[in-house]
$ cat input09.tsv   # TSV, C-alpha atoms and all ligand atoms
chain	number	residue	atom	x	y	z
A	1326	MET	CA	142.52	7.06	257.45
A	1327	ARG	CA	141.77	7.68	261.11
A	1328	VAL	CA	140.93	4.80	263.47
A	1329	ILE	CA	138.96	5.49	266.64
A	1330	ARG	CA	138.89	2.62	269.12
A	1331	ALA	CA	135.82	2.29	271.28
A	1332	VAL	CA	135.49	0.01	274.27
A	1333	ASP	CA	132.14	-1.47	273.30
A	1334	TYR	CA	129.04	-0.85	271.19
A	1335	PHE	CA	127.66	1.84	273.51
A	1336	ASP	CA	130.95	3.72	273.47
A	1337	LEU	CA	131.22	3.34	269.67
A	1338	SER	CA	127.71	4.70	269.18
A	1339	ARG	CA	128.34	7.64	271.50
A	1340	LYS	CA	131.63	8.53	269.79
A	1341	ALA	CA	130.20	8.27	266.26
A	1342	ALA	CA	127.05	10.21	267.22
A	1343	GLY	CA	129.34	12.91	268.64
A	1344	ILE	CA	131.12	13.18	265.28
A	1345	ILE	CA	127.81	13.53	263.40
A	1346	ALA	CA	126.48	16.00	265.98
A	1347	ALA	CA	129.61	18.14	265.59
A	1348	MET	CA	129.12	18.13	261.81
A	1349	VAL	CA	125.49	19.29	262.10
A	1350	THR	CA	126.37	21.90	264.71
A	1351	LEU	CA	129.17	23.37	262.60
A	1352	LYS	CA	127.12	23.17	259.37
A	1353	PRO	CA	123.40	23.09	260.20
A	1354	ASP	CA	122.43	22.49	256.56
A	1355	SER	CA	124.76	19.49	256.30
A	1356	VAL	CA	123.95	16.78	253.80
A	1357	LEU	CA	124.19	13.50	255.71
A	1358	GLY	CA	124.48	10.15	253.97
A	1359	LEU	CA	122.82	7.56	256.20
A	1360	ALA	CA	122.78	3.79	256.53
A	1361	THR	CA	120.36	1.20	257.85
A	1362	GLY	CA	121.21	-2.15	259.51
A	1363	ASP	CA	121.97	-2.98	263.12
A	1364	SER	CA	125.22	-1.05	263.43
A	1365	PRO	CA	123.84	2.52	263.36
A	1366	LEU	CA	120.91	1.92	265.75
A	1367	GLY	CA	122.91	3.06	268.78
A	1368	ILE	CA	124.01	6.22	266.95
A	1369	TYR	CA	120.42	7.03	266.03
A	1370	ARG	CA	119.36	6.63	269.67
A	1371	HIS	CA	122.14	9.00	270.77
A	1372	LEU	CA	121.20	11.55	268.08
A	1373	ALA	CA	117.53	11.42	269.13
A	1374	ASP	CA	118.57	11.92	272.78
A	1375	SER	CA	120.78	14.87	271.85
A	1376	PHE	CA	117.90	16.39	269.92
A	1377	ASN	CA	115.55	15.92	272.88
A	1378	SER	CA	118.00	17.57	275.24
A	1379	GLY	CA	118.29	20.55	272.89
A	1380	ASP	CA	121.88	19.86	271.82
A	1381	ILE	CA	121.27	19.42	268.08
A	1382	ASP	CA	118.89	21.04	265.61
A	1383	PHE	CA	118.21	19.08	262.41
A	1384	SER	CA	115.76	21.61	260.92
A	1385	GLN	CA	118.09	22.49	258.05
A	1386	THR	CA	119.77	19.10	257.66
A	1387	ARG	CA	119.32	17.06	254.48
A	1388	ALA	CA	119.63	13.29	254.36
A	1389	PHE	CA	120.30	10.76	251.62
A	1390	ASN	CA	120.09	7.08	252.41
A	1391	LEU	CA	122.54	4.67	250.89
A	1392	ASP	CA	120.12	2.11	249.62
A	1393	GLU	CA	116.62	0.68	249.33
A	1394	TYR	CA	115.18	-2.66	248.30
A	1395	ARG	CA	113.60	-2.80	244.85
A	1396	GLY	CA	109.97	-3.89	244.93
A	1397	LEU	CA	109.07	-2.72	248.44
A	1398	ALA	CA	106.62	0.13	248.98
A	1399	PRO	CA	107.91	3.00	251.14
A	1400	ASP	CA	105.61	1.95	253.99
A	1401	ALA	CA	106.43	-1.79	253.74
A	1402	GLU	CA	107.57	-3.14	257.10
A	1403	GLN	CA	111.08	-3.98	255.88
A	1404	SER	CA	111.61	-0.95	253.63
A	1405	TYR	CA	114.60	1.15	254.53
A	1406	ARG	CA	112.42	4.25	254.39
A	1407	LEU	CA	110.27	2.89	257.22
A	1408	PHE	CA	113.37	1.75	259.11
A	1409	MET	CA	114.78	5.28	259.00
A	1410	TRP	CA	111.45	6.81	259.95
A	1411	LYS	CA	111.03	4.53	262.98
A	1412	ASN	CA	114.61	4.69	264.21
A	1413	LEU	CA	115.57	8.29	263.54
A	1414	PHE	CA	113.51	10.62	261.41
A	1415	SER	CA	110.31	10.48	263.51
A	1416	LYS	CA	112.38	11.30	266.62
A	1417	ILE	CA	114.14	14.45	265.41
A	1418	ASN	CA	113.08	17.67	263.69
A	1419	ILE	CA	114.43	16.89	260.22
A	1420	LYS	CA	111.94	18.02	257.55
A	1421	THR	CA	110.27	15.34	255.46
A	1422	GLU	CA	111.05	17.27	252.27
A	1423	ASN	CA	114.74	16.93	253.14
A	1424	LEU	CA	114.65	13.11	253.27
A	1425	ASN	CA	115.87	11.16	250.27
A	1426	ILE	CA	115.79	7.41	249.73
A	1427	PRO	CA	115.68	5.60	246.38
A	1428	ASP	CA	112.10	4.76	245.37
A	1429	GLY	CA	111.75	0.98	245.61
A	1430	LEU	CA	108.66	1.10	243.39
A	1431	ALA	CA	110.14	3.21	240.59
A	1432	GLY	CA	109.02	1.84	237.22
A	1433	ASP	CA	112.25	2.67	235.40
A	1434	PRO	CA	115.33	1.66	237.43
A	1435	ASP	CA	117.80	3.50	235.19
A	1436	ALA	CA	115.82	6.73	235.47
A	1437	GLU	CA	115.54	6.29	239.25
A	1438	CYS	CA	119.31	5.83	239.60
A	1439	ALA	CA	119.97	8.92	237.47
A	1440	ARG	CA	117.39	10.92	239.44
A	1441	TYR	CA	118.96	9.94	242.77
A	1442	GLU	CA	122.49	10.74	241.68
A	1443	ALA	CA	121.33	14.13	240.32
A	1444	ALA	CA	119.50	14.89	243.58
A	1445	ILE	CA	122.73	14.31	245.57
A	1446	ARG	CA	124.63	16.53	243.17
A	1447	ASP	CA	121.98	19.27	243.25
A	1448	CYS	CA	122.24	19.37	247.05
A	1449	GLY	CA	125.95	20.10	246.75
A	1450	GLY	CA	127.09	16.54	247.54
A	1451	VAL	CA	127.22	14.58	250.77
A	1452	ASP	CA	129.12	16.23	253.63
A	1453	MET	CA	129.35	13.14	255.83
A	1454	GLN	CA	128.53	9.58	254.79
A	1455	LEU	CA	127.81	7.06	257.53
A	1456	LEU	CA	128.49	3.42	256.60
A	1457	GLY	CA	128.36	-0.05	258.07
A	1458	ILE	CA	130.28	-2.96	256.55
A	1459	GLY	CA	128.90	-6.34	255.50
A	1460	HIS	CA	130.58	-9.63	256.41
A	1461	ASN	CA	131.76	-9.86	252.80
A	1462	GLY	CA	133.12	-6.30	252.79
A	1463	HIS	CA	130.17	-4.68	251.06
A	1464	ILE	CA	129.31	-1.03	251.65
A	1465	GLY	CA	125.80	0.02	250.79
A	1466	PHE	CA	124.85	-2.86	248.52
A	1467	ASN	CA	128.12	-2.69	246.60
A	1468	GLU	CA	128.88	-6.37	246.66
A	1469	PRO	CA	132.30	-7.98	246.01
A	1470	GLY	CA	133.02	-8.29	242.29
A	1471	GLY	CA	135.43	-7.66	239.50
A	1472	SER	CA	135.06	-3.88	239.38
A	1473	PHE	CA	133.80	-0.89	241.33
A	1474	VAL	CA	130.46	0.46	240.09
A	1475	VAL	CA	130.67	4.23	240.26
A	1476	ASN	CA	127.17	5.70	240.53
A	1477	THR	CA	123.81	4.78	242.05
A	1478	HIS	CA	122.71	1.51	240.47
A	1479	LEU	CA	120.46	-1.52	240.79
A	1480	VAL	CA	122.16	-4.65	242.10
A	1481	ASP	CA	121.31	-8.33	242.27
A	1482	LEU	CA	121.90	-9.24	245.91
A	1483	THR	CA	124.30	-12.08	246.67
A	1484	ASP	CA	123.12	-15.18	248.50
A	1485	SER	CA	125.15	-14.20	251.58
A	1486	THR	CA	123.49	-10.77	251.72
A	1487	ILE	CA	120.04	-12.31	251.22
A	1488	ASP	CA	120.83	-14.76	254.05
A	1489	ALA	CA	122.04	-11.95	256.32
A	1490	ASN	CA	118.97	-9.80	255.59
A	1491	SER	CA	116.48	-12.63	255.95
A	1492	ARG	CA	116.49	-12.01	259.71
A	1493	PHE	CA	114.21	-9.02	259.04
A	1494	PHE	CA	111.68	-11.07	257.01
A	1495	LYS	CA	109.35	-13.93	257.94
A	1496	THR	CA	110.88	-16.23	255.33
A	1497	ARG	CA	114.00	-16.09	253.15
A	1498	GLU	CA	111.75	-16.15	250.06
A	1499	GLU	CA	110.31	-12.76	251.04
A	1500	VAL	CA	113.70	-11.02	250.90
A	1501	PRO	CA	113.86	-8.87	247.75
A	1502	VAL	CA	116.55	-10.04	245.35
A	1503	GLN	CA	117.46	-6.59	244.04
A	1504	ALA	CA	118.23	-3.25	245.62
A	1505	TYR	CA	119.19	0.28	244.69
A	1506	THR	CA	122.46	1.46	246.12
A	1507	MET	CA	124.69	4.47	245.91
A	1508	GLY	CA	127.77	3.51	243.96
A	1509	ILE	CA	131.37	3.49	245.11
A	1510	GLY	CA	131.87	6.87	243.42
A	1511	SER	CA	128.77	8.31	245.13
A	1512	ILE	CA	130.29	7.22	248.46
A	1513	MET	CA	133.84	8.34	247.67
A	1514	ARG	CA	132.58	11.79	246.61
A	1515	ALA	CA	131.31	12.42	250.17
A	1516	ARG	CA	133.55	14.98	251.83
A	1517	LYS	CA	133.84	12.85	254.98
A	1518	VAL	CA	133.19	9.15	255.44
A	1519	LEU	CA	132.50	7.54	258.82
A	1520	LEU	CA	132.35	3.74	258.98
A	1521	ILE	CA	131.26	1.99	262.15
A	1522	VAL	CA	131.82	-1.64	262.97
A	1523	THR	CA	131.09	-3.76	266.00
A	1524	GLY	CA	131.71	-7.32	267.11
A	1525	ARG	CA	134.30	-10.07	266.79
A	1526	GLN	CA	132.46	-11.58	263.80
A	1527	LYS	CA	133.50	-8.56	261.67
A	1528	ALA	CA	137.17	-8.52	262.80
A	1529	GLU	CA	138.42	-10.59	259.86
A	1530	ILE	CA	136.73	-8.48	257.19
A	1531	VAL	CA	137.86	-5.27	258.90
A	1532	LYS	CA	141.45	-6.48	258.71
A	1533	ARG	CA	141.08	-7.44	255.03
A	1534	ALA	CA	139.36	-4.18	254.14
A	1535	PHE	CA	141.62	-1.74	255.95
A	1536	ARG	CA	144.97	-3.52	256.20
A	1537	GLY	CA	144.77	-5.52	252.96
A	1538	ALA	CA	144.98	-4.57	249.29
A	1539	VAL	CA	142.48	-2.16	247.75
A	1540	SER	CA	140.30	-4.37	245.58
A	1541	PRO	CA	136.70	-4.59	244.30
A	1542	GLU	CA	136.70	-8.07	245.89
A	1543	VAL	CA	136.46	-6.17	249.20
A	1544	PRO	CA	134.48	-3.05	248.28
A	1545	ALA	CA	135.12	-1.25	251.60
A	1546	SER	CA	138.88	-1.38	250.93
A	1547	ILE	CA	138.49	1.60	248.54
A	1548	LEU	CA	137.95	3.77	251.62
A	1549	GLN	CA	141.68	3.50	252.33
A	1550	LEU	CA	142.01	6.01	249.46
A	1551	HIS	CA	139.49	8.52	250.81
A	1552	CYS	CA	141.11	11.69	252.07
A	1553	ASP	CA	138.86	12.06	255.14
A	1554	PHE	CA	137.89	8.57	256.26
A	1555	THR	CA	137.24	7.68	259.91
A	1556	LEU	CA	136.77	4.11	261.11
A	1557	VAL	CA	135.11	3.79	264.50
A	1558	GLY	CA	135.18	0.26	265.86
A	1559	ASP	CA	134.85	-1.48	269.16
A	1560	GLU	CA	137.70	-3.54	270.56
A	1561	ALA	CA	136.25	-6.80	269.27
A	1562	ALA	CA	135.88	-5.56	265.68
A	1563	LEU	CA	139.36	-4.00	265.65
A	1564	SER	CA	141.01	-6.92	267.44
A	1565	LEU	CA	142.91	-8.10	264.31
A	1566	MET	CA	144.00	-4.64	263.13
B	1	LIG	C1	122.73	-0.53	255.12
B	1	LIG	C2	123.81	-0.96	254.26
B	1	LIG	C3	124.64	-2.18	254.53
B	1	LIG	C4	124.97	-2.38	256.00
B	1	LIG	C5	125.83	-3.63	256.20
B	1	LIG	C6	126.08	-3.90	257.67
B	1	LIG	O1	122.09	0.62	254.61
B	1	LIG	O2	124.02	-0.33	253.29
B	1	LIG	O3	125.82	-2.09	253.77
B	1	LIG	O4	125.63	-1.25	256.49
B	1	LIG	O5	125.21	-4.73	255.63
B	1	LIG	O6	124.86	-4.22	258.28
B	1	LIG	P1	124.74	-4.39	259.85
B	1	LIG	O7	124.99	-3.04	260.44
B	1	LIG	O8	123.32	-4.82	260.08
B	1	LIG	O9	125.76	-5.39	260.27
$ encode --input "input09.tsv" --output "structure tokens"
Amino acid sequence: MRVIRAVDYFDLSRKAAGIIAAMVTLKPDSVLGLATGDSPLGIYRHLADSFNSGDIDFSQTRAFNLDEYRGLAPDAEQSYRLFMWKNLFSKINIKTENLNIPDGLAGDPDAECARYEAAIRDCGGVDMQLLGIGHNGHIGFNEPGGSFVVNTHLVDLTDSTIDANSRFFKTREEVPVQAYTMGIGSIMRARKVLLIVTGRQKAEIVKRAFRGAVSPEVPASILQLHCDFTLVGDEAALSLM
């Protein structure tokens, strides 16, 4: 496990974007695993700027997103597909046929999970997986529990995750209660994992996840066992490490 200390959120975003840019430059047809949420927004801005200045070419890059709400159409305001389109994909030259996100409207959840897992495998697996971390230690929507779920699956969201995500919806009642997520195995099979974390409010969970015991009660803790895991945090988030 490698820890990169950034001064602040801007510095963190620039450093992490540099790591992703290096990956795409060295392997233009990289398979990137991507995340939504607040944490990666700065990275996506840096990547779009680097594309605009001619420093990166995404024309051969493939992308798989970690997760998607069940029940939201791809063009719904809060869907992760639209989030990715607005914040990154519409700003770079990645091809639409190379974008993969679970289908929130799939009729058969089991078939959708199997399809998504097979699509990752058929692409040769994820080269670099970008992650954020939830206040409860979740990665993707792998919530704390008694065991690690290996492959892409449908989850019932916890109250704390619904609360946290309700900031993107008009009312808490509108927040979907289920989501598709890559599993812990899908994430651990990525050849490189890059987790970014910002802010004092995540310092406690960062300490538990990366200095505590490996346990499904803190899903991110499994990353301690990944052979190429990089944690990029700002001073506030790493203050208890
Ligand atoms: C997003 C995702 C989540 C977030 C996590 C942190 O695709 O899978 O696990 O990474 O909830 O969210 P933020 O960055 O908003 O604090």
$ residues_around --input "input09.tsv" --residues "A:Val1539" --least-positions-apart "4" --cutoff "12 Å" --atoms "all atoms listed in the file" --output "PyMOL selection string"
chain A and resi 1462+1469+1472-1473+1532-1535+1543-1551
$ atom_distance --input "input09.tsv" --atom1 "atom CA of A:Phe1376" --atom2 "atom CA of A:Thr1350"
11.4 Å
$ closest_residue --input "input09.tsv" --among "A:Leu1366, A:Ala1347, A:Ile1509, A:Ile1464" --to "ligand LIG 1 (chain B)" --atoms "only C-alpha atoms and all ligand atoms"
A:Ile1464
$ atom_distance --input "input09.tsv" --atom1 "atom O7 of ligand LIG 1 (chain B)" --atom2 "atom CA of A:Thr1361"
6.8 Å
$ atom_distance --input "input09.tsv" --atom1 "atom CA of A:Gly1537" --atom2 "atom CA of A:Met1566"
10.2 Å
$ residues_around --input "input09.tsv" --residues "stretch 1485-1488 of chain A" --least-positions-apart "5" --cutoff "9 Å" --atoms "all atoms listed in the file" --output "list of chain:residue names"
A:Gly1459, A:His1460, A:Asn1461, A:Phe1466, A:Glu1468, A:Arg1497, A:Val1500, A:Pro1501, A:Val1502
$ decode --input "input09.tsv" --residues "stretch 1446-1465 of chain A" --atoms "N, CA, C and O atoms" --output "PDB file, in the first residue's frame"
ATOM      1  N   ARG A1446     -14.792  -8.760 -17.696  1.00  0.00           N
ATOM      2  CA  ARG A1446     -13.865  -9.861 -18.002  1.00  0.00           C
ATOM      3  C   ARG A1446     -13.502  -9.860 -19.487  1.00  0.00           C
ATOM      4  O   ARG A1446     -12.330  -9.978 -19.852  1.00  0.00           O
ATOM      5  N   ASP A1447     -14.506  -9.660 -20.358  1.00  0.00           N
ATOM      6  CA  ASP A1447     -14.258  -9.712 -21.796  1.00  0.00           C
ATOM      7  C   ASP A1447     -13.349  -8.586 -22.264  1.00  0.00           C
ATOM      8  O   ASP A1447     -12.740  -8.660 -23.330  1.00  0.00           O
ATOM      9  N   CYS A1448     -13.290  -7.510 -21.499  1.00  0.00           N
ATOM     10  CA  CYS A1448     -12.397  -6.385 -21.827  1.00  0.00           C
ATOM     11  C   CYS A1448     -10.985  -6.644 -21.324  1.00  0.00           C
ATOM     12  O   CYS A1448     -10.110  -5.802 -21.465  1.00  0.00           O
ATOM     13  N   GLY A1449     -10.785  -7.750 -20.649  1.00  0.00           N
ATOM     14  CA  GLY A1449      -9.447  -8.051 -20.122  1.00  0.00           C
ATOM     15  C   GLY A1449      -9.261  -7.609 -18.685  1.00  0.00           C
ATOM     16  O   GLY A1449      -8.150  -7.665 -18.154  1.00  0.00           O
ATOM     17  N   GLY A1450     -10.314  -7.132 -18.046  1.00  0.00           N
ATOM     18  CA  GLY A1450     -10.218  -6.700 -16.640  1.00  0.00           C
ATOM     19  C   GLY A1450      -9.846  -5.236 -16.537  1.00  0.00           C
ATOM     20  O   GLY A1450      -9.395  -4.624 -17.502  1.00  0.00           O
ATOM     21  N   VAL A1451     -10.060  -4.702 -15.345  1.00  0.00           N
ATOM     22  CA  VAL A1451      -9.816  -3.263 -15.107  1.00  0.00           C
ATOM     23  C   VAL A1451      -8.321  -3.038 -14.849  1.00  0.00           C
ATOM     24  O   VAL A1451      -7.704  -3.726 -14.047  1.00  0.00           O
ATOM     25  N   ASP A1452      -7.748  -2.076 -15.557  1.00  0.00           N
ATOM     26  CA  ASP A1452      -6.331  -1.744 -15.333  1.00  0.00           C
ATOM     27  C   ASP A1452      -6.162  -0.871 -14.100  1.00  0.00           C
ATOM     28  O   ASP A1452      -5.252  -1.080 -13.310  1.00  0.00           O
ATOM     29  N   MET A1453      -7.023   0.138 -13.979  1.00  0.00           N
ATOM     30  CA  MET A1453      -6.910   1.032 -12.813  1.00  0.00           C
ATOM     31  C   MET A1453      -8.305   1.383 -12.322  1.00  0.00           C
ATOM     32  O   MET A1453      -9.118   1.912 -13.082  1.00  0.00           O
ATOM     33  N   GLN A1454      -8.562   1.081 -11.064  1.00  0.00           N
ATOM     34  CA  GLN A1454      -9.881   1.363 -10.466  1.00  0.00           C
ATOM     35  C   GLN A1454      -9.768   2.566  -9.551  1.00  0.00           C
ATOM     36  O   GLN A1454      -8.985   2.562  -8.604  1.00  0.00           O
ATOM     37  N   LEU A1455     -10.543   3.592  -9.848  1.00  0.00           N
ATOM     38  CA  LEU A1455     -10.614   4.779  -8.993  1.00  0.00           C
ATOM     39  C   LEU A1455     -11.747   4.586  -7.987  1.00  0.00           C
ATOM     40  O   LEU A1455     -12.857   4.184  -8.356  1.00  0.00           O
ATOM     41  N   LEU A1456     -11.478   4.902  -6.727  1.00  0.00           N
ATOM     42  CA  LEU A1456     -12.491   4.746  -5.671  1.00  0.00           C
ATOM     43  C   LEU A1456     -12.537   5.967  -4.766  1.00  0.00           C
ATOM     44  O   LEU A1456     -11.502   6.607  -4.533  1.00  0.00           O
ATOM     45  N   GLY A1457     -13.721   6.237  -4.217  1.00  0.00           N
ATOM     46  CA  GLY A1457     -13.848   7.092  -3.052  1.00  0.00           C
ATOM     47  C   GLY A1457     -14.154   6.173  -1.876  1.00  0.00           C
ATOM     48  O   GLY A1457     -14.257   4.956  -2.036  1.00  0.00           O
ATOM     49  N   ILE A1458     -14.335   6.734  -0.708  1.00  0.00           N
ATOM     50  CA  ILE A1458     -14.697   5.917   0.463  1.00  0.00           C
ATOM     51  C   ILE A1458     -15.854   6.597   1.196  1.00  0.00           C
ATOM     52  O   ILE A1458     -15.856   7.829   1.364  1.00  0.00           O
ATOM     53  N   GLY A1459     -16.845   5.811   1.566  1.00  0.00           N
ATOM     54  CA  GLY A1459     -17.978   6.363   2.321  1.00  0.00           C
ATOM     55  C   GLY A1459     -17.608   6.564   3.791  1.00  0.00           C
ATOM     56  O   GLY A1459     -16.622   5.993   4.275  1.00  0.00           O
ATOM     57  N   HIS A1460     -18.427   7.331   4.499  1.00  0.00           N
ATOM     58  CA  HIS A1460     -18.162   7.571   5.927  1.00  0.00           C
ATOM     59  C   HIS A1460     -18.190   6.277   6.736  1.00  0.00           C
ATOM     60  O   HIS A1460     -17.611   6.198   7.807  1.00  0.00           O
ATOM     61  N   ASN A1461     -18.905   5.270   6.219  1.00  0.00           N
ATOM     62  CA  ASN A1461     -18.972   3.992   6.936  1.00  0.00           C
ATOM     63  C   ASN A1461     -17.961   2.984   6.378  1.00  0.00           C
ATOM     64  O   ASN A1461     -18.006   1.810   6.718  1.00  0.00           O
ATOM     65  N   GLY A1462     -17.081   3.432   5.499  1.00  0.00           N
ATOM     66  CA  GLY A1462     -16.048   2.549   4.951  1.00  0.00           C
ATOM     67  C   GLY A1462     -16.469   1.831   3.685  1.00  0.00           C
ATOM     68  O   GLY A1462     -15.734   0.976   3.193  1.00  0.00           O
ATOM     69  N   HIS A1463     -17.639   2.187   3.134  1.00  0.00           N
ATOM     70  CA  HIS A1463     -18.042   1.470   1.919  1.00  0.00           C
ATOM     71  C   HIS A1463     -17.170   1.877   0.737  1.00  0.00           C
ATOM     72  O   HIS A1463     -16.633   2.983   0.689  1.00  0.00           O
ATOM     73  N   ILE A1464     -17.032   0.945  -0.216  1.00  0.00           N
ATOM     74  CA  ILE A1464     -16.425   1.248  -1.509  1.00  0.00           C
ATOM     75  C   ILE A1464     -17.408   0.754  -2.566  1.00  0.00           C
ATOM     76  O   ILE A1464     -17.972  -0.325  -2.431  1.00  0.00           O
ATOM     77  N   GLY A1465     -17.602   1.546  -3.631  1.00  0.00           N
ATOM     78  CA  GLY A1465     -18.757   1.300  -4.466  1.00  0.00           C
ATOM     79  C   GLY A1465     -19.947   1.377  -3.521  1.00  0.00           C
ATOM     80  O   GLY A1465     -20.009   2.224  -2.620  1.00  0.00           O
TER      81      GLY A1465
END
